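Okay, target_35.cif now, which holds mmCIF, C-alpha atoms:
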data_structure
loop_
_atom_site.label_atom_id
_atom_site.label_comp_id
_atom_site.auth_asym_id
_atom_site.auth_seq_id
_atom_site.Cartn_x
_atom_site.Cartn_y
_atom_site.Cartn_z
CA MET A 1 -8.16 -11.62 -19.76
CA LYS A 2 -10.44 -8.63 -19.39
CA ARG A 3 -8.26 -6.67 -21.72
CA ILE A 4 -8.38 -9.39 -24.32
CA VAL A 5 -12.13 -9.64 -24.09
CA PHE A 6 -12.41 -5.90 -24.36
CA ALA A 7 -10.14 -5.84 -27.39
CA LEU A 8 -12.06 -8.69 -28.86
CA MET A 9 -15.37 -6.99 -28.36
CA THR A 10 -14.06 -3.76 -29.78
CA THR A 11 -12.86 -5.61 -32.83
CA LEU A 12 -16.12 -7.48 -33.14
CA THR A 13 -17.95 -4.19 -32.98
CA VAL A 14 -15.72 -2.77 -35.66
CA VAL A 15 -16.31 -5.83 -37.82
CA VAL A 16 -20.05 -5.46 -37.43
CA LEU A 17 -19.89 -1.75 -38.08
CA LEU A 18 -17.76 -2.28 -41.15
CA PHE A 19 -20.15 -4.89 -42.36
CA GLY A 20 -23.03 -2.59 -41.74
CA TYR A 21 -21.29 0.26 -43.45
CA ASN A 22 -20.48 -1.84 -46.44
CA THR A 23 -23.97 -3.06 -46.91
CA SER A 24 -25.65 0.23 -46.35
CA THR A 25 -24.87 3.84 -45.76
CA MET A 26 -27.55 4.04 -43.14
CA GLY A 27 -28.26 0.58 -41.77
CA ALA A 28 -26.70 -1.38 -38.94
CA MET A 29 -25.64 1.61 -36.91
CA THR A 30 -27.24 0.19 -33.80
CA GLY A 31 -25.35 -3.08 -34.16
CA GLY A 32 -22.26 -2.05 -32.24
CA ASP A 33 -23.91 -1.42 -28.90
CA THR A 34 -25.77 -4.68 -29.05
CA VAL A 35 -22.57 -6.60 -29.60
CA ILE A 36 -20.72 -4.88 -26.76
CA ALA A 37 -23.59 -5.57 -24.38
CA SER A 38 -23.35 -9.26 -25.11
CA GLY A 39 -19.65 -9.48 -24.29
CA GLY A 40 -17.98 -11.45 -21.54
CA ASP A 41 -19.44 -14.82 -22.29
CA THR A 42 -16.15 -16.35 -23.39
CA ALA A 43 -13.99 -19.31 -22.60
CA THR A 44 -11.43 -18.90 -19.83
CA SER A 45 -8.37 -20.06 -21.70
CA PRO A 46 -6.46 -17.11 -23.19
CA GLU A 47 -4.81 -19.39 -25.74
CA SER A 48 -7.73 -19.88 -28.06
CA GLN A 49 -11.30 -18.78 -27.89
CA THR A 50 -14.27 -18.12 -30.03
CA VAL A 51 -16.89 -15.49 -29.46
CA THR A 52 -20.20 -15.37 -31.22
CA GLY A 53 -21.98 -12.07 -31.43
CA PRO A 54 -25.74 -11.80 -31.42
CA ALA A 55 -27.68 -11.57 -34.64
CA VAL A 56 -27.89 -7.89 -35.39
CA ASN A 57 -30.72 -6.63 -37.50
CA THR A 58 -29.61 -4.41 -40.33
CA GLU A 59 -31.66 -2.76 -42.98
CA TRP A 60 -31.08 -5.83 -45.11
CA GLY A 61 -31.71 -8.53 -42.55
CA PRO A 62 -29.85 -10.19 -39.67
CA VAL A 63 -26.05 -10.24 -39.52
CA GLN A 64 -24.13 -12.41 -37.09
CA VAL A 65 -20.37 -12.76 -36.77
CA GLN A 66 -18.08 -15.12 -34.90
CA VAL A 67 -14.52 -14.20 -34.01
CA SER A 68 -11.75 -16.64 -33.07
CA VAL A 69 -8.84 -15.37 -31.02
CA THR A 70 -5.54 -16.99 -30.13
CA GLY A 71 -3.63 -15.14 -27.46
CA SER A 72 -4.45 -11.55 -28.25
CA GLU A 73 -4.64 -12.06 -31.99
CA ILE A 74 -7.74 -12.51 -34.05
CA THR A 75 -7.25 -15.62 -36.11
CA ASP A 76 -10.57 -15.91 -37.83
CA VAL A 77 -13.76 -14.01 -38.46
CA GLN A 78 -16.74 -15.99 -39.62
CA VAL A 79 -19.91 -14.37 -40.77
CA LEU A 80 -22.54 -16.82 -39.55
CA GLN A 81 -25.49 -15.00 -40.96
CA TYR A 82 -25.61 -12.78 -44.00
CA PRO A 83 -28.73 -10.88 -44.92
CA ASN A 84 -29.07 -13.13 -47.93
CA ASN A 85 -32.14 -15.17 -47.18
CA ASN A 86 -33.48 -13.62 -50.30
CA PRO A 87 -30.92 -14.39 -53.02
CA LYS A 88 -31.74 -11.08 -54.66
CA ASP A 89 -30.15 -9.24 -51.76
CA GLN A 90 -26.73 -10.79 -52.22
CA GLN A 91 -25.53 -8.03 -54.47
CA ILE A 92 -25.54 -5.54 -51.65
CA ASN A 93 -22.70 -7.17 -49.78
CA GLY A 94 -19.46 -5.29 -49.97
CA TYR A 95 -20.75 -2.13 -51.56
CA ALA A 96 -21.27 1.30 -50.11
CA LEU A 97 -23.12 3.80 -52.23
CA PRO A 98 -24.15 7.38 -51.73
CA ILE A 99 -27.70 6.39 -52.52
CA LEU A 100 -29.80 7.22 -49.50
CA VAL A 101 -32.80 4.98 -49.25
CA ASP A 102 -35.50 6.63 -47.20
CA GLU A 103 -39.18 6.33 -47.88
CA THR A 104 -39.98 9.44 -45.89
CA ILE A 105 -38.14 11.86 -48.18
CA GLN A 106 -40.42 14.65 -49.28
CA ALA A 107 -40.14 15.69 -52.91
CA GLN A 108 -41.10 19.20 -51.96
CA SER A 109 -38.25 19.52 -49.52
CA SER A 110 -35.98 22.28 -50.72
CA ASP A 111 -32.99 20.08 -51.51
CA ILE A 112 -34.65 17.62 -53.91
CA ALA A 113 -34.04 19.27 -57.27
CA ILE A 114 -35.43 16.74 -59.67
CA VAL A 115 -37.19 13.37 -59.72
CA SER A 116 -36.16 10.22 -61.55
CA GLY A 117 -38.93 7.77 -62.27
CA ALA A 118 -40.32 5.38 -64.83
CA THR A 119 -41.05 7.31 -67.98
CA VAL A 120 -43.49 10.08 -67.31
CA THR A 121 -45.68 10.95 -70.27
CA SER A 122 -47.00 14.40 -70.99
CA ASN A 123 -50.38 13.22 -69.73
CA GLY A 124 -48.95 11.79 -66.54
CA TYR A 125 -46.78 14.82 -65.93
CA ILE A 126 -49.55 17.01 -64.55
CA SER A 127 -49.93 14.82 -61.50
CA SER A 128 -46.23 13.96 -61.09
CA LEU A 129 -43.80 15.00 -58.38
CA GLN A 130 -41.64 16.65 -61.02
CA ALA A 131 -44.55 18.91 -61.97
CA ALA A 132 -44.92 19.90 -58.34
CA LEU A 133 -41.23 20.80 -58.20
CA ASP A 134 -41.40 22.73 -61.48
CA GLU A 135 -44.47 24.54 -60.28
CA ALA A 136 -42.97 25.41 -56.92
CA GLY A 137 -39.88 26.77 -58.67
CA LEU A 138 -37.66 25.42 -55.91
CA MET B 1 -29.35 28.85 -54.07
CA LYS B 2 -32.02 30.02 -56.50
CA VAL B 3 -32.95 27.56 -59.22
CA HIS B 4 -34.65 28.65 -62.40
CA ARG B 5 -36.98 26.13 -64.03
CA ARG B 6 -38.46 25.58 -67.46
CA VAL B 7 -40.78 22.89 -68.84
CA GLU B 8 -41.86 22.02 -72.38
CA HIS B 9 -43.23 18.90 -73.99
CA VAL B 10 -41.80 16.95 -76.89
CA MET B 11 -41.84 13.26 -77.90
CA GLY B 12 -44.91 12.86 -75.72
CA MET B 13 -43.06 13.64 -72.54
CA PRO B 14 -42.19 16.60 -70.38
CA ILE B 15 -38.71 18.10 -70.65
CA SER B 16 -37.78 19.84 -67.40
CA LEU B 17 -34.75 22.02 -67.00
CA ALA B 18 -33.35 23.39 -63.76
CA LEU B 19 -30.65 26.04 -64.07
CA ARG B 20 -28.68 27.84 -61.40
CA GLY B 21 -25.67 30.12 -61.53
CA ARG B 22 -24.51 32.83 -63.87
CA HIS B 23 -26.77 32.08 -66.83
CA GLN B 24 -29.85 30.73 -65.11
CA ASP B 25 -32.27 33.34 -66.39
CA ASP B 26 -30.78 35.45 -69.15
CA ALA B 27 -30.68 35.50 -72.94
CA ARG B 28 -27.94 32.86 -73.05
CA ALA B 29 -30.04 30.58 -70.89
CA GLN B 30 -32.99 31.08 -73.20
CA ASP B 31 -30.88 30.42 -76.30
CA ALA B 32 -29.48 27.22 -74.81
CA TRP B 33 -32.96 26.05 -73.82
CA SER B 34 -34.27 26.79 -77.32
CA ALA B 35 -31.38 24.84 -78.82
CA VAL B 36 -32.11 21.88 -76.51
CA MET B 37 -35.74 21.81 -77.54
CA GLU B 38 -34.90 22.22 -81.22
CA ASP B 39 -32.54 19.25 -80.95
CA LEU B 40 -35.18 17.09 -79.33
CA ARG B 41 -37.80 18.03 -81.91
CA TRP B 42 -35.38 17.08 -84.67
CA VAL B 43 -34.76 13.73 -82.99
CA ASP B 44 -38.51 13.20 -82.75
CA ARG B 45 -38.96 13.89 -86.45
CA VAL B 46 -36.17 11.46 -87.40
CA PHE B 47 -36.69 8.65 -84.88
CA SER B 48 -40.31 8.65 -83.79
CA THR B 49 -42.14 5.37 -84.32
CA TYR B 50 -45.41 7.27 -84.04
CA ARG B 51 -44.71 9.40 -87.11
CA GLU B 52 -45.16 7.48 -90.32
CA ASP B 53 -42.91 9.97 -92.14
CA SER B 54 -39.95 9.63 -89.75
CA PHE B 55 -36.74 8.18 -91.16
CA VAL B 56 -36.99 5.27 -88.76
CA ARG B 57 -40.47 4.31 -89.97
CA ARG B 58 -39.45 4.74 -93.61
CA LEU B 59 -36.29 2.69 -93.01
CA ASP B 60 -38.35 -0.02 -91.37
CA ARG B 61 -40.69 -0.09 -94.37
CA GLY B 62 -37.73 -0.27 -96.74
CA GLU B 63 -38.48 3.07 -98.37
CA VAL B 64 -35.05 4.48 -97.60
CA THR B 65 -31.66 2.89 -97.04
CA LEU B 66 -29.58 3.50 -93.95
CA ALA B 67 -27.19 5.53 -96.08
CA GLN B 68 -30.04 7.86 -97.04
CA CYS B 69 -30.85 8.57 -93.38
CA PRO B 70 -29.07 11.17 -91.28
CA GLY B 71 -25.83 9.72 -89.87
CA GLU B 72 -27.32 9.72 -86.38
CA VAL B 73 -29.64 6.87 -87.37
CA ALA B 74 -26.68 4.58 -87.95
CA ASP B 75 -25.18 5.74 -84.64
CA VAL B 76 -28.36 4.80 -82.80
CA LEU B 77 -28.66 1.43 -84.56
CA GLU B 78 -25.08 0.68 -83.54
CA LEU B 79 -25.88 1.57 -79.92
CA GLY B 80 -28.86 -0.76 -80.13
CA ARG B 81 -26.70 -3.56 -81.48
CA VAL B 82 -24.15 -3.17 -78.66
CA ALA B 83 -26.92 -2.95 -76.06
CA GLU B 84 -28.49 -6.16 -77.32
CA ILE B 85 -25.19 -8.02 -77.03
CA ALA B 86 -24.45 -6.53 -73.60
CA SER B 87 -27.83 -7.58 -72.23
CA GLY B 88 -27.71 -11.08 -73.64
CA GLY B 89 -30.61 -10.23 -75.91
CA ALA B 90 -33.03 -8.96 -73.26
CA PHE B 91 -32.78 -5.52 -74.79
CA SER B 92 -33.46 -5.20 -78.49
CA ILE B 93 -34.46 -2.46 -80.87
CA TRP B 94 -35.90 -5.12 -83.19
CA ARG B 95 -39.04 -6.52 -81.61
CA PRO B 96 -40.14 -7.27 -84.31
CA GLY B 97 -39.80 -4.25 -86.53
CA LEU B 98 -37.43 -1.41 -85.81
CA ASP B 99 -38.15 0.41 -82.55
CA PRO B 100 -35.08 2.28 -81.31
CA SER B 101 -37.04 4.19 -78.65
CA GLY B 102 -35.17 2.41 -75.86
CA VAL B 103 -31.90 3.88 -77.12
CA VAL B 104 -33.06 7.19 -78.50
CA LYS B 105 -34.34 8.90 -75.39
CA GLY B 106 -31.20 8.84 -73.27
CA TRP B 107 -28.99 9.40 -76.27
CA ALA B 108 -31.03 12.40 -77.43
CA VAL B 109 -31.11 14.08 -74.03
CA GLU B 110 -27.40 13.56 -73.45
CA ARG B 111 -26.74 15.05 -76.86
CA ALA B 112 -29.07 18.00 -76.27
CA ALA B 113 -27.45 18.71 -72.90
CA GLU B 114 -24.30 19.74 -74.77
CA HIS B 115 -25.97 23.13 -75.34
CA LEU B 116 -26.19 23.54 -71.57
CA ARG B 117 -22.61 22.44 -70.95
CA ARG B 118 -21.48 25.48 -72.92
CA LEU B 119 -23.03 27.84 -70.36
CA PRO B 120 -20.13 29.00 -68.20
CA ASP B 121 -20.49 29.00 -64.41
CA THR B 122 -23.94 27.50 -64.72
CA ASP B 123 -25.29 24.29 -63.24
CA PHE B 124 -28.04 22.36 -64.93
CA CYS B 125 -30.29 19.37 -64.59
CA LEU B 126 -32.09 18.35 -67.78
CA SER B 127 -34.79 15.72 -67.38
CA ALA B 128 -36.87 14.00 -70.04
CA GLY B 129 -39.76 12.18 -68.46
CA GLY B 130 -37.74 11.12 -65.44
CA ASP B 131 -34.32 10.46 -67.01
CA MET B 132 -31.74 13.17 -66.59
CA VAL B 133 -28.31 14.66 -67.12
CA CYS B 134 -27.01 16.78 -64.24
CA ARG B 135 -24.00 18.99 -63.75
CA ALA B 136 -23.16 20.94 -60.62
CA LEU B 137 -19.88 22.80 -60.84
CA THR B 138 -20.65 26.03 -59.06
CA GLY B 139 -22.88 24.76 -56.27
CA PRO B 140 -23.60 21.63 -54.26
CA ALA B 141 -24.53 18.38 -56.00
CA TRP B 142 -28.07 18.19 -57.33
CA GLN B 143 -30.21 16.04 -55.10
CA VAL B 144 -32.07 13.62 -57.35
CA GLY B 145 -35.14 12.00 -55.83
CA VAL B 146 -35.99 8.45 -56.93
CA GLU B 147 -39.68 7.82 -57.30
CA ASN B 148 -41.33 5.05 -55.32
CA PRO B 149 -42.56 2.62 -58.02
CA PHE B 150 -45.46 1.56 -55.84
CA ASP B 151 -46.57 5.11 -55.20
CA PRO B 152 -45.34 7.68 -57.75
CA LYS B 153 -46.46 10.39 -55.36
CA ARG B 154 -43.62 9.45 -53.05
CA LEU B 155 -39.87 9.10 -53.18
CA ILE B 156 -37.96 6.02 -52.14
CA ALA B 157 -34.38 7.28 -52.29
CA ARG B 158 -32.20 10.17 -53.18
CA VAL B 159 -28.85 10.47 -54.88
CA PRO B 160 -26.47 13.42 -54.98
CA VAL B 161 -25.24 13.97 -58.55
CA SER B 162 -22.51 16.46 -59.43
CA ASP B 163 -21.79 15.37 -62.96
CA GLY B 164 -23.64 12.42 -64.35
CA ALA B 165 -26.88 10.86 -65.40
CA VAL B 166 -29.79 9.11 -63.76
CA ALA B 167 -32.32 6.92 -65.54
CA THR B 168 -35.19 4.86 -64.19
CA SER B 169 -37.13 2.09 -65.92
CA GLY B 170 -40.33 0.63 -64.64
CA THR B 171 -44.00 0.50 -65.31
CA ALA B 172 -45.32 3.09 -62.85
CA HIS B 173 -46.71 5.50 -65.42
CA ARG B 174 -47.24 3.51 -68.55
CA GLY B 175 -48.43 0.10 -67.58
CA SER B 176 -46.50 -2.97 -68.67
CA HIS B 177 -44.91 -1.75 -71.90
CA LEU B 178 -41.42 -3.10 -71.22
CA VAL B 179 -40.80 -6.67 -72.23
CA ASP B 180 -37.93 -9.12 -72.37
CA ALA B 181 -37.03 -9.06 -76.06
CA ARG B 182 -36.05 -12.73 -75.98
CA ASP B 183 -39.55 -14.01 -75.30
CA GLY B 184 -41.78 -10.92 -75.32
CA ARG B 185 -42.75 -11.52 -71.72
CA VAL B 186 -43.28 -8.84 -69.14
CA PRO B 187 -40.41 -9.20 -66.67
CA GLU B 188 -41.34 -10.45 -63.23
CA GLY B 189 -39.90 -9.63 -59.89
CA VAL B 190 -38.77 -6.07 -60.59
CA ALA B 191 -40.76 -2.92 -59.86
CA SER B 192 -38.16 -0.41 -61.04
CA VAL B 193 -34.48 -0.03 -61.86
CA THR B 194 -32.58 3.23 -61.44
CA VAL B 195 -29.10 3.51 -62.93
CA ILE B 196 -26.60 6.29 -62.20
CA GLY B 197 -23.60 6.68 -64.46
CA PRO B 198 -21.47 9.09 -66.43
CA SER B 199 -23.57 8.81 -69.60
CA LEU B 200 -27.36 9.06 -69.90
CA THR B 201 -27.24 7.05 -73.11
CA TRP B 202 -25.96 4.05 -71.18
CA ALA B 203 -27.74 4.73 -67.89
CA ASP B 204 -31.01 4.64 -69.83
CA ILE B 205 -30.12 1.54 -71.85
CA ASP B 206 -28.89 -0.28 -68.74
CA ALA B 207 -31.97 0.59 -66.72
CA THR B 208 -34.19 -0.78 -69.48
CA SER B 209 -32.00 -3.86 -69.99
CA ALA B 210 -31.86 -4.63 -66.27
CA TYR B 211 -35.60 -4.21 -65.97
CA ALA B 212 -36.11 -6.60 -68.88
CA LEU B 213 -33.87 -9.14 -67.16
CA GLY B 214 -36.27 -9.34 -64.22
CA GLU B 215 -34.87 -11.43 -61.38
CA ARG B 216 -31.37 -11.13 -62.81
CA ALA B 217 -31.42 -7.31 -62.81
CA ALA B 218 -29.07 -6.70 -59.88
CA ALA B 219 -26.66 -9.49 -60.78
CA TRP B 220 -26.35 -8.14 -64.31
CA LEU B 221 -25.95 -4.52 -63.17
CA SER B 222 -23.10 -5.54 -60.86
CA THR B 223 -21.10 -6.38 -63.99
CA ARG B 224 -21.62 -2.99 -65.62
CA VAL B 225 -18.59 -0.73 -65.49
CA GLY B 226 -18.88 2.64 -63.79
CA ARG B 227 -22.56 2.32 -62.94
CA MET B 228 -24.40 2.48 -59.66
CA ALA B 229 -27.93 1.24 -59.44
CA LEU B 230 -30.96 0.88 -57.26
CA VAL B 231 -33.26 -2.05 -57.90
CA VAL B 232 -36.70 -2.04 -56.31
CA TRP B 233 -38.13 -5.55 -56.38
CA ALA B 234 -41.78 -6.37 -56.78
CA ASP B 235 -41.86 -7.53 -53.15
CA GLY B 236 -40.64 -4.14 -51.96
CA ASN B 237 -37.05 -5.16 -51.22
CA ILE B 238 -34.36 -2.78 -52.41
CA THR B 239 -30.90 -3.64 -53.67
CA ARG B 240 -28.12 -1.15 -54.25
CA VAL B 241 -25.51 -2.15 -56.80
CA GLN B 242 -22.07 -0.81 -57.59
CA GLY B 243 -20.58 -1.97 -60.85
CA PRO B 244 -16.81 -2.38 -61.29
CA SER B 245 -14.79 0.82 -61.46
CA ARG B 246 -13.53 2.05 -64.79
CA ALA B 247 -9.95 1.23 -63.87
CA ILE B 248 -10.45 -2.51 -63.63
CA GLY B 249 -13.05 -2.90 -66.32
CA ALA B 250 -12.01 -0.46 -68.98
CA THR B 251 -11.94 -3.08 -71.68
CA ARG B 252 -15.59 -3.98 -71.37
CA LEU B 253 -17.78 -3.68 -74.39
CA ALA B 254 -19.97 -0.73 -73.57
CA GLY B 255 -18.87 2.21 -71.59
#

Is it possible to express this structure as structure tokens?
Amino acid sequence: MKRIVFALMTTLTVVVLLFGYNTSTMGAMTGGDTVIASGGDTATSPESQTVTGPAVNTEWGPVQVQVSVTGSEITDVQVLQYPNNNPKDQQINGYALPILVDETIQAQSSDIAIVSGATVTSNGYISSLQAALDEAGL
Amino acid sequence: MKVHRRVEHVMGMPISLALRGRHQDDARAQDAWSAVMEDLRWVDRVFSTYREDSFVRRLDRGEVTLAQCPGEVADVLELGRVAEIASGGAFSIWRPGLDPSGVVKGWAVERAAEHLRRLPDTDFCLSAGGDMVCRALTGPAWQVGVENPFDPKRLIARVPVSDGAVATSGTAHRGSHLVDARDGRVPEGVASVTVIGPSLTWADIDATSAYALGERAAAWLSTRVGRMALVVWADGNITRVQGPSRAIGATRLAG
């Protein structure tokens, strides 16, 4: 029984991690630990059981999964909560992009080469981040 | 890795070039840069809606026929036609009167970047007012920062680009000049749209189209082949979008 629960929890963790990875390249990385910590609260029959993980907060909102197991085999995975309370966020599900979202990135850091933004006019350029980069010659 | 930078202004916007590698700061670099700027000035003379003597203004007034314009004018009008269909009409170069600016910028910069592609063993990033073509063959990918539409002094994301284009549409610097061509309304719900793809022509068109579509921006972008995108909503939420790969969507209209 312990082994099954352990396997189950491991799988649940993987599911959550995969979900987190798919929705974001940086979110949900704390989800796994939370799920493992909640383990053990399962039915006693090894034949068929269902485990519900806690709602894990990802960058996009809460994610909660439920796994059904028969014997030692996972028979079903239900995602109880998607981070789709806002319908606009639905597009994120299932995609992993190398776009790093981070509002603390500094334009003047040495590895930002160039800045993409809504059309900068010649007048607006003087005070733009791109001008700072050009000026710094980095 | 040392990067050499140049800036000049044309079409009312700054053109920034970053070069690194073998020809970052020699005569060949200078020649390529001069050719880029010459190209863009030519485009400005032909396509500018601010110059009454441009071919586009004269065509719009009926003073010349399309056949009397340089062939590139017909190319751009065709791009505009395809873009209008692809966006369900949200993007249009007729509003009313001919204004191909939404097509010309990306197209012109992508075209001008050809002069830089001929520099051997040299990486470049050519940006026109925040839309860019990047190539990194000799060194690591260029790190492109995406401006925070709520605070243009800050970045909201970054994208590594080895060979491709990045374009952003929004109202951060110009006020609400982008409208949905179907009803002339300023789109609601979207603060900015950034599109990454193989071609700046289409990254730029798609960013503008998606922005014009407002609430439908991300849903529409997810149908666009070979593009990745970042949508920043007016409420501050961010959506990342990956369009279908080329392999499964190669027959789509615009690529």

Item to check | CA of Pro187 (chain B) to CA of Asp206 (chain B), distance in Å rounded to a single decimal | outcome: 14.7 Å

Next on the checklist: Tell me as JSON, numbers by chain which residues belonging to chain B come within 8 Å of chain A, counting all atoms listed in the file.
Outcome noted: {"B": [2, 3, 4, 5, 6, 7, 9, 12, 13, 14, 16, 18, 125, 127, 129, 130, 131, 132, 142, 143, 144, 145, 146, 147, 148, 149, 152, 153, 154, 155, 156, 157, 158, 159, 160, 166, 167, 168, 169, 170, 171, 172, 173, 174, 192, 194, 215, 218, 219, 222, 228, 230, 238, 239, 240, 241, 242]}

Next on the checklist: Between CA of Arg22 (chain B) and CA of Asp121 (chain B), what is the distance in Å, rounded to a tenth?
Outcome noted: 5.6 Å

Item to check | Interatomic distance, CA of Arg224 (chain B) to CA of Val43 (chain B) (Å, one decimal) | outcome: 27.5 Å

Kindly compute an axis-aligned box around the listed atoms of region 48-52 of chain A, allowing 6 Å on each side, and express its centre and edge lengths in Å to one decimal as lines of an AutoDock Vina configuration file.
center_x = -14.0
center_y = -17.6
center_z = -29.6
size_x = 24.5
size_y = 16.5
size_z = 15.3

Next on the checklist: What would the selection look like, as a PyMOL selection string, if the PyMOL selection byres ((chain B and resi 88-104) around 9) were run on the coordinates I just shared?
Outcome noted: chain B and resi 43+47-49+56-57+59-61+76-77+79-81+83-87+105-109+179-184+201-202+204-206+208-210+212-213

Item to check | Output of the PyMOL selection byres ((chain B and resi 140) around 10), listed as a PyMOL selection string | outcome: (chain A and resi 111) or (chain B and resi 1+123+135-139+141-143+160-162)

Next on the checklist: If the PyMOL selection byres ((chain B and resi 45) around 12) were run on this exact file, what residues would it hold? Put them as a list of chain:residue names.
Outcome noted: B:Val10, B:Met11, B:Glu38, B:Asp39, B:Leu40, B:Arg41, B:Trp42, B:Val43, B:Asp44, B:Val46, B:Phe47, B:Ser48, B:Thr49, B:Tyr50, B:Arg51, B:Glu52, B:Asp53, B:Ser54, B:Phe55, B:Val56, B:Arg57, B:Arg58, B:Cys69, B:Pro70, B:Val73, B:Val104
